[in-house]
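*Asks:* Just input.cif, nothing more (mmCIF, C-alpha atoms and all ligand atoms):
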data_query
loop_
_atom_site.label_atom_id
_atom_site.label_comp_id
_atom_site.auth_asym_id
_atom_site.auth_seq_id
_atom_site.Cartn_x
_atom_site.Cartn_y
_atom_site.Cartn_z
CA MET A 1 0.00 0.00 0.00
CA ILE A 2 1.50 3.34 -1.09
CA PRO A 3 0.51 6.26 1.18
CA ASP A 4 -0.57 9.62 -0.18
CA LEU A 5 2.68 11.63 0.06
CA PRO A 6 3.89 14.18 0.97
CA LEU A 7 2.34 14.53 4.41
CA ARG A 8 2.00 18.09 5.64
CA THR A 9 1.98 19.42 9.18
CA GLU A 10 1.89 23.01 10.36
CA ARG A 11 5.63 23.53 9.79
CA LEU A 12 6.87 20.39 8.05
CA LEU A 13 6.67 18.30 4.91
CA LEU A 14 7.23 14.53 5.18
CA ARG A 15 8.32 12.98 1.90
CA PRO A 16 10.50 10.22 0.43
CA LEU A 17 14.23 10.92 0.48
CA VAL A 18 15.90 11.65 -2.86
CA PRO A 19 19.63 11.75 -3.84
CA ALA A 20 19.63 15.57 -3.68
CA ASP A 21 19.10 15.25 0.11
CA ARG A 22 22.43 13.48 0.68
CA GLU A 23 24.34 16.50 2.05
CA ASP A 24 21.49 17.45 4.41
CA LEU A 25 21.43 13.85 5.69
CA LEU A 26 25.20 13.78 6.05
CA ALA A 27 25.11 16.89 8.26
CA TYR A 28 23.35 15.03 11.10
CA ARG A 29 23.79 11.34 10.29
CA SER A 30 27.59 11.75 10.38
CA ASP A 31 27.44 13.38 13.83
CA ARG A 32 28.78 11.10 16.59
CA GLU A 33 26.63 12.56 19.36
CA THR A 34 23.44 12.36 17.25
CA CYS A 35 24.15 8.67 16.55
CA ARG A 36 24.94 7.79 20.17
CA TYR A 37 21.69 5.91 20.85
CA VAL A 38 20.65 4.82 17.36
CA PRO A 39 21.36 1.36 15.92
CA PHE A 40 23.98 2.49 13.41
CA PRO A 41 27.35 4.25 13.55
CA PRO A 42 27.90 7.76 12.16
CA MET A 43 27.53 7.59 8.37
CA ASP A 44 29.56 8.85 5.43
CA LEU A 45 28.24 9.68 1.95
CA VAL A 46 29.00 6.16 0.70
CA GLU A 47 26.67 4.68 3.31
CA ILE A 48 24.04 7.38 2.67
CA ASP A 49 24.10 6.63 -1.07
CA ARG A 50 23.88 2.89 -0.34
CA ARG A 51 20.75 3.40 1.78
CA MET A 52 19.28 5.84 -0.76
CA ALA A 53 19.43 3.09 -3.38
CA GLY A 54 18.25 0.48 -0.90
CA MET A 55 15.89 0.77 2.07
CA TRP A 56 15.22 4.53 1.63
CA ALA A 57 13.90 3.93 -1.93
CA THR A 58 10.82 2.16 -0.52
CA ARG A 59 7.54 4.03 -1.01
CA ASP A 60 5.22 1.37 0.48
CA LEU A 61 3.83 1.24 3.98
CA PRO A 62 5.39 -1.63 5.96
CA GLU A 63 2.72 -4.33 5.82
CA MET A 64 4.95 -7.38 6.33
CA ALA A 65 7.40 -8.23 9.11
CA GLY A 66 10.82 -6.75 8.41
CA GLU A 67 9.55 -4.00 6.09
CA ASN A 68 9.96 -0.31 6.83
CA LEU A 69 9.30 3.14 5.37
CA THR A 70 11.64 6.09 5.90
CA LEU A 71 10.46 9.64 5.22
CA GLY A 72 12.56 12.77 5.13
CA VAL A 73 11.36 15.73 7.19
CA GLU A 74 11.66 18.95 5.23
CA HIS A 75 11.60 22.42 6.80
CA GLU A 76 12.22 25.60 4.84
CA GLY A 77 13.53 23.64 1.86
CA ARG A 78 15.99 21.32 3.56
CA ILE A 79 15.91 17.95 5.27
CA ILE A 80 16.26 18.47 9.04
CA GLY A 81 15.55 14.91 10.12
CA ASP A 82 13.98 11.63 9.13
CA VAL A 83 11.42 9.31 10.59
CA ILE A 84 10.76 5.62 10.13
CA LEU A 85 7.83 3.23 10.42
CA MET A 86 8.92 -0.37 10.97
CA ARG A 87 7.19 -3.74 11.17
CA PRO A 88 9.05 -5.83 13.71
CA ALA A 89 8.90 -9.62 13.30
CA GLU A 90 6.90 -9.72 16.50
CA PRO A 91 4.58 -8.99 18.15
CA ALA A 92 2.04 -9.18 15.29
CA GLY A 93 -0.09 -6.05 14.97
CA THR A 94 2.64 -3.76 16.28
CA VAL A 95 4.32 -1.01 14.27
CA GLU A 96 7.47 0.66 15.59
CA ILE A 97 8.45 4.30 15.07
CA GLY A 98 11.91 5.86 15.00
CA TYR A 99 13.30 9.36 14.41
CA ILE A 100 16.55 11.29 14.13
CA PHE A 101 16.92 15.06 13.83
CA SER A 102 19.71 17.53 13.24
CA PRO A 103 21.15 19.02 16.46
CA GLU A 104 20.61 22.44 14.85
CA VAL A 105 16.81 22.14 15.09
CA ARG A 106 16.33 20.40 18.44
CA GLY A 107 14.09 21.85 21.13
CA ARG A 108 11.53 23.26 18.69
CA GLY A 109 9.05 20.38 18.68
CA PHE A 110 9.85 19.21 15.14
CA ALA A 111 10.33 15.55 16.11
CA THR A 112 7.03 15.41 17.96
CA GLU A 113 5.27 17.23 15.12
CA ALA A 114 6.73 14.87 12.49
CA CYS A 115 5.74 11.74 14.42
CA ARG A 116 2.03 12.59 14.70
CA PRO A 117 1.29 11.84 11.02
CA LEU A 118 3.34 8.65 11.45
CA LEU A 119 0.92 7.53 14.16
CA ALA A 120 -1.95 8.32 11.80
CA LEU A 121 -0.34 6.22 9.05
CA ALA A 122 0.20 3.33 11.46
CA PHE A 123 -3.30 3.30 12.96
CA ASP A 124 -5.51 4.69 10.20
CA GLU A 125 -3.79 3.36 7.06
CA LEU A 126 -2.01 0.24 8.26
CA GLY A 127 -4.62 -0.76 10.84
CA ALA A 128 -1.99 -1.31 13.53
CA HIS A 129 -3.23 -2.54 16.91
CA ARG A 130 -0.27 -1.01 18.72
CA VAL A 131 2.49 1.51 18.02
CA MET A 132 5.72 1.09 19.91
CA GLY A 133 8.86 3.13 20.54
CA ARG A 134 12.02 1.52 21.85
CA LEU A 135 15.01 3.44 23.18
CA ASP A 136 18.13 3.42 25.26
CA ALA A 137 17.04 4.32 28.81
CA ARG A 138 19.59 7.18 28.85
CA ASN A 139 17.96 8.83 25.83
CA THR A 140 15.74 11.19 27.81
CA ALA A 141 15.06 13.50 24.82
CA SER A 142 13.61 10.56 22.91
CA ALA A 143 11.52 9.43 25.90
CA ARG A 144 10.04 12.93 26.09
CA VAL A 145 9.06 12.77 22.40
CA LEU A 146 7.15 9.53 22.99
CA GLU A 147 5.48 10.90 26.13
CA ARG A 148 4.40 14.05 24.26
CA LEU A 149 2.93 11.76 21.60
CA GLY A 150 0.85 10.02 24.24
CA LEU A 151 2.70 6.70 24.39
CA ARG A 152 2.81 4.95 27.78
CA LEU A 153 5.95 3.57 29.39
CA GLU A 154 5.42 -0.22 29.35
CA ALA A 155 8.79 -1.71 30.16
CA HIS A 156 12.25 -0.96 31.47
CA PHE A 157 14.60 -3.80 30.60
CA VAL A 158 17.82 -3.61 32.59
CA GLU A 159 21.06 -4.18 30.68
CA ASP A 160 19.23 -6.37 28.17
CA GLU A 161 21.26 -5.40 25.13
CA TRP A 162 24.93 -5.38 24.19
CA PHE A 163 25.03 -2.11 22.24
CA LYS A 164 28.02 -0.17 20.95
CA GLY A 165 30.45 -1.86 23.30
CA GLU A 166 28.46 -1.94 26.55
CA TRP A 167 25.42 -3.46 28.24
CA THR A 168 22.54 -1.00 27.90
CA SER A 169 19.03 -0.75 29.33
CA THR A 170 15.94 -0.38 27.13
CA LEU A 171 12.66 1.48 27.60
CA VAL A 172 9.56 0.41 25.66
CA TYR A 173 6.70 2.88 25.13
CA ALA A 174 3.43 2.03 23.37
CA LEU A 175 0.00 3.31 22.35
CA LEU A 176 -3.02 1.16 21.43
CA ASP A 177 -5.44 1.80 18.57
CA ARG A 178 -8.32 2.35 21.00
CA GLU A 179 -6.26 4.94 22.90
CA TRP A 180 -5.52 6.63 19.57
CA ARG A 181 -9.23 6.64 18.68
CA ASP A 182 -9.91 8.16 22.12
CA GLY A 183 -7.65 11.07 21.17
CA ALA A 184 -4.26 10.16 22.69
CA GLY A 185 -1.31 11.51 20.73
CA ARG A 186 -3.27 14.06 18.71
CA SER A 187 -2.78 17.14 20.87
CA SER A 188 -0.69 19.90 19.35
CA SER A 189 -0.12 21.70 22.65
CA VAL A 190 3.42 22.29 23.88
CA PRO A 191 3.91 20.77 27.34
C1 LIG B 1 15.26 12.34 20.02
C2 LIG B 1 15.23 13.70 19.33
C3 LIG B 1 14.57 13.56 17.95
C4 LIG B 1 14.43 14.68 20.19
O1 LIG B 1 14.52 15.96 19.62
P1 LIG B 1 13.84 17.20 20.38
O2 LIG B 1 14.13 18.40 19.59
O3 LIG B 1 14.21 17.17 21.82
O4 LIG B 1 12.29 16.81 20.31
P2 LIG B 1 11.12 17.68 19.78
O5 LIG B 1 11.38 18.07 18.37
O6 LIG B 1 9.85 16.99 20.05
O7 LIG B 1 11.23 19.01 20.66
C5 LIG B 1 10.82 18.97 22.00
C6 LIG B 1 11.38 20.14 22.74
O8 LIG B 1 11.02 21.32 22.04
C7 LIG B 1 10.20 22.15 22.89
N1 LIG B 1 9.21 22.73 21.97
C8 LIG B 1 9.30 23.98 21.47
N2 LIG B 1 8.27 24.18 20.62
C9 LIG B 1 7.52 23.05 20.61
C10 LIG B 1 6.33 22.66 19.92
N3 LIG B 1 5.72 23.49 19.06
N4 LIG B 1 5.85 21.40 20.11
C11 LIG B 1 6.46 20.56 20.96
N5 LIG B 1 7.61 20.87 21.64
C12 LIG B 1 8.13 22.12 21.46
C13 LIG B 1 9.64 21.23 23.93
O9 LIG B 1 9.30 21.91 25.11
C14 LIG B 1 10.80 20.28 24.14
O10 LIG B 1 11.76 20.87 24.96
P3 LIG B 1 12.53 20.04 26.10
O11 LIG B 1 13.42 19.08 25.37
O12 LIG B 1 13.30 21.07 26.83
O13 LIG B 1 11.51 19.31 26.90
C15 LIG B 1 16.67 14.26 19.14
O14 LIG B 1 17.27 14.39 20.39
C16 LIG B 1 17.54 13.39 18.25
O15 LIG B 1 17.46 13.43 17.01
N6 LIG B 1 18.42 12.58 18.87
C17 LIG B 1 19.34 11.75 18.15
C18 LIG B 1 18.68 10.57 17.48
C19 LIG B 1 17.94 9.71 18.49
O16 LIG B 1 18.41 9.46 19.60
N7 LIG B 1 16.76 9.25 18.05
C20 LIG B 1 15.88 8.43 18.88
C21 LIG B 1 16.32 7.03 18.93
S1 LIG B 1 15.25 6.08 19.97
#
As a first step, turn the structure in this file into structure tokens.
Ligand SMILES: CC(C)(COP(=O)(O)OP(=O)(O)OC[C@H]1O[C@@H](n2cnc3c(N)ncnc32)[C@H](O)[C@@H]1OP(=O)(O)O)[C@@H](O)C(=O)NCCC(=O)NCCS
*Replies:*
Amino acid sequence: MIPDLPLRTERLLLRPLVPADREDLLAYRSDRETCRYVPFPPMDLVEIDRRMAGMWATRDLPEMAGENLTLGVEHEGRIIGDVILMRPAEPAGTVEIGYIFSPEVRGRGFATEACRPLLALAFDELGAHRVMGRLDARNTASARVLERLGLRLEAHFVEDEWFKGEWTSTLVYALLDREWRDGAGRSSSVP
């Protein structure tokens, strides 16, 4: 299923990434601090081009386990971050979200704003039962994004993952379709 793109929010445009975005992507995806808690090392242009021709070329919503859809987040004509919808192998009915933004634009609510239409895609287009966010327990900025989106803290796994050379703890946040239908995650107010 191909979603109707681009998605528009008050300040942002969510659209597929294209080769012309490579320098914008490099600016934050090559940054060591930005990549501290994400499941990949800082990237160079070779890796960005490889992904552009591979997983980032997908235009379909992730209907099957293992599939994913990455969208670039455009603000004032440049890519300031990207977001991803993923279908984990299990549990069935769950869709996972992820996000990464340039340090230059943090603290302005762009990540939260960009993730709201992702929740709509997951629940309203894909028919997900549950949307989940998973993060390193030290990643407090990311936890705040999920809380602003209305996801509930469901689990705190202690040193469950060997990640970038150390044992790390994981938080799991989630939102159910009935909570979404009841209005959770739709508020545009700044906490
Ligand atoms: C996680 C990450 C996207 C969070 O970015 P962020 O800028 O803190 O998040 P938001 O865009 O939602 O902005 C929220 C902040 O903007 C403020 N804000 C200003 N205007 C706002 C608005 N209109 N709406 C919401 N928040 C607003 C909020 O008060 C909040 O401030 P606070 O951090 O002091 O509480 C960012 O830190 C990042 O890219 N990290 C590296 C990659 C990463 O770790 N990804 C997650 C992996 S699990």
*Asks:* Please identify every polymer residue within 8 Å of ligand LIG 1 (chain B), using only C-alpha atoms and all ligand atoms, and present the set as an MDAnalysis selection string.
*Replies:* chainID A and resid 33:38 81 98:103 105:113 133:136 139:145 148 188:191
*Asks:* Find the residues around Pro3 (chain A) up to 10 Å (all atoms listed in the file counted), leave out those fewer than 5 positions away in its own chain, and share them as a PyMOL selection string.
*Replies:* chain A and resi 59-61+121+125-126
*Asks:* Show me, as a PyMOL selection string, the residues that have an atom within 7 Å of Arg29 (chain A) when counting only C-alpha atoms, minus same-chain residues fewer than 3 positions from it.
*Replies:* chain A and resi 25-26+35+42-43
*Asks:* Counting all atoms listed in the file, which residue out of A:Ala27, A:Leu12, A:Leu153, A:Ala120 sits closest to Glu76 (chain A)?
*Replies:* A:Leu12
*Asks:* Please tell me which residues are no farther than 12 Å from (17.2, 15.7, 1.1) in the file, counting all atoms listed in the file, and write them as a PDB file with C-alpha atoms, in the coordinates of the input.
*Replies:*
ATOM      1  CA  LEU A  13       6.670  18.300   4.910  1.00  0.00           C
ATOM      2  CA  LEU A  14       7.230  14.530   5.180  1.00  0.00           C
ATOM      3  CA  ARG A  15       8.320  12.980   1.900  1.00  0.00           C
ATOM      4  CA  PRO A  16      10.500  10.220   0.430  1.00  0.00           C
ATOM      5  CA  LEU A  17      14.230  10.920   0.480  1.00  0.00           C
ATOM      6  CA  VAL A  18      15.900  11.650  -2.860  1.00  0.00           C
ATOM      7  CA  PRO A  19      19.630  11.750  -3.840  1.00  0.00           C
ATOM      8  CA  ALA A  20      19.630  15.570  -3.680  1.00  0.00           C
ATOM      9  CA  ASP A  21      19.100  15.250   0.110  1.00  0.00           C
ATOM     10  CA  ARG A  22      22.430  13.480   0.680  1.00  0.00           C
ATOM     11  CA  GLU A  23      24.340  16.500   2.050  1.00  0.00           C
ATOM     12  CA  ASP A  24      21.490  17.450   4.410  1.00  0.00           C
ATOM     13  CA  LEU A  25      21.430  13.850   5.690  1.00  0.00           C
ATOM     14  CA  LEU A  26      25.200  13.780   6.050  1.00  0.00           C
ATOM     15  CA  ALA A  27      25.110  16.890   8.260  1.00  0.00           C
ATOM     16  CA  TYR A  28      23.350  15.030  11.100  1.00  0.00           C
ATOM     17  CA  ILE A  48      24.040   7.380   2.670  1.00  0.00           C
ATOM     18  CA  ASP A  49      24.100   6.630  -1.070  1.00  0.00           C
ATOM     19  CA  MET A  52      19.280   5.840  -0.760  1.00  0.00           C
ATOM     20  CA  TRP A  56      15.220   4.530   1.630  1.00  0.00           C
ATOM     21  CA  LEU A  71      10.460   9.640   5.220  1.00  0.00           C
ATOM     22  CA  GLY A  72      12.560  12.770   5.130  1.00  0.00           C
ATOM     23  CA  VAL A  73      11.360  15.730   7.190  1.00  0.00           C
ATOM     24  CA  GLU A  74      11.660  18.950   5.230  1.00  0.00           C
ATOM     25  CA  HIS A  75      11.600  22.420   6.800  1.00  0.00           C
ATOM     26  CA  GLU A  76      12.220  25.600   4.840  1.00  0.00           C
ATOM     27  CA  GLY A  77      13.530  23.640   1.860  1.00  0.00           C
ATOM     28  CA  ARG A  78      15.990  21.320   3.560  1.00  0.00           C
ATOM     29  CA  ILE A  79      15.910  17.950   5.270  1.00  0.00           C
ATOM     30  CA  ILE A  80      16.260  18.470   9.040  1.00  0.00           C
ATOM     31  CA  GLY A  81      15.550  14.910  10.120  1.00  0.00           C
ATOM     32  CA  ASP A  82      13.980  11.630   9.130  1.00  0.00           C
TER      33      ASP A  82
END
*Asks:* Between A:Pro41, A:Pro62, A:Gly183, A:Gly54, which has the minimum distance to Ile2 (chain A) (counting only C-alpha atoms)?
*Replies:*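 Answer, going by the shortest atom-to-atom distance: A:Pro62.
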*Asks:* Take CA of Arg50 (chain A) and CA of Gly66 (chain A) and report the distance between them in Å, one decimal.
*Replies:* 18.4 Å
*Asks:* Excluding Glu67 (chain A) and any residue of its chain fewer than 2 positions from it, enumerate the residues within 8 Å of it, using all atoms listed in the file, and give them as a ChimeraX atom specification.
*Replies:* /A:62-65,69,86-88
*Asks:* May I ask which of the residues A:Leu175, A:Ala137, A:Ala53, A:Val158 is the closest one to Ala122 (chain A), counting only C-alpha atoms?
*Replies:*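 Closest to Ala122 (chain A) of all the choices is A:Leu175.
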*Asks:* Suppose you want the space between CA of Leu149 (chain A) and CA of Gly185 (chain A); what is it in Å?
*Replies:*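 That distance, rounded to one decimal, is 4.3 Å.
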*Asks:* Select, from A:Arg138, A:Arg186, A:Arg51, A:Arg152, the residue with the minimum atom-to-atom distance to Thr170 (chain A), counting only C-alpha atoms.
*Replies:* A:Arg138
*Asks:* Could you check how far CA of Val95 (chain A) sits from CA of Val131 (chain A), in Å to one decimal?
*Replies:* 4.9 Å
*Asks:* Taking all atoms listed in the file into account, name the residue in A:Pro39, A:Gly165, A:Gly127, A:Pro117 that is nearest to Gly93 (chain A).
*Replies:*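 Using all atoms listed in the file, the shortest distance to Gly93 (chain A) belongs to A:Gly127.
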*Asks:* Name the closest residue to Glu104 (chain A) among the candidates A:Asp31, A:Glu147, A:Asp160, A:Arg116; distances are taken between atoms, counting only C-alpha atoms.
*Replies:*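 Of the candidates, the smallest distance to Glu104 (chain A) is held by A:Asp31.
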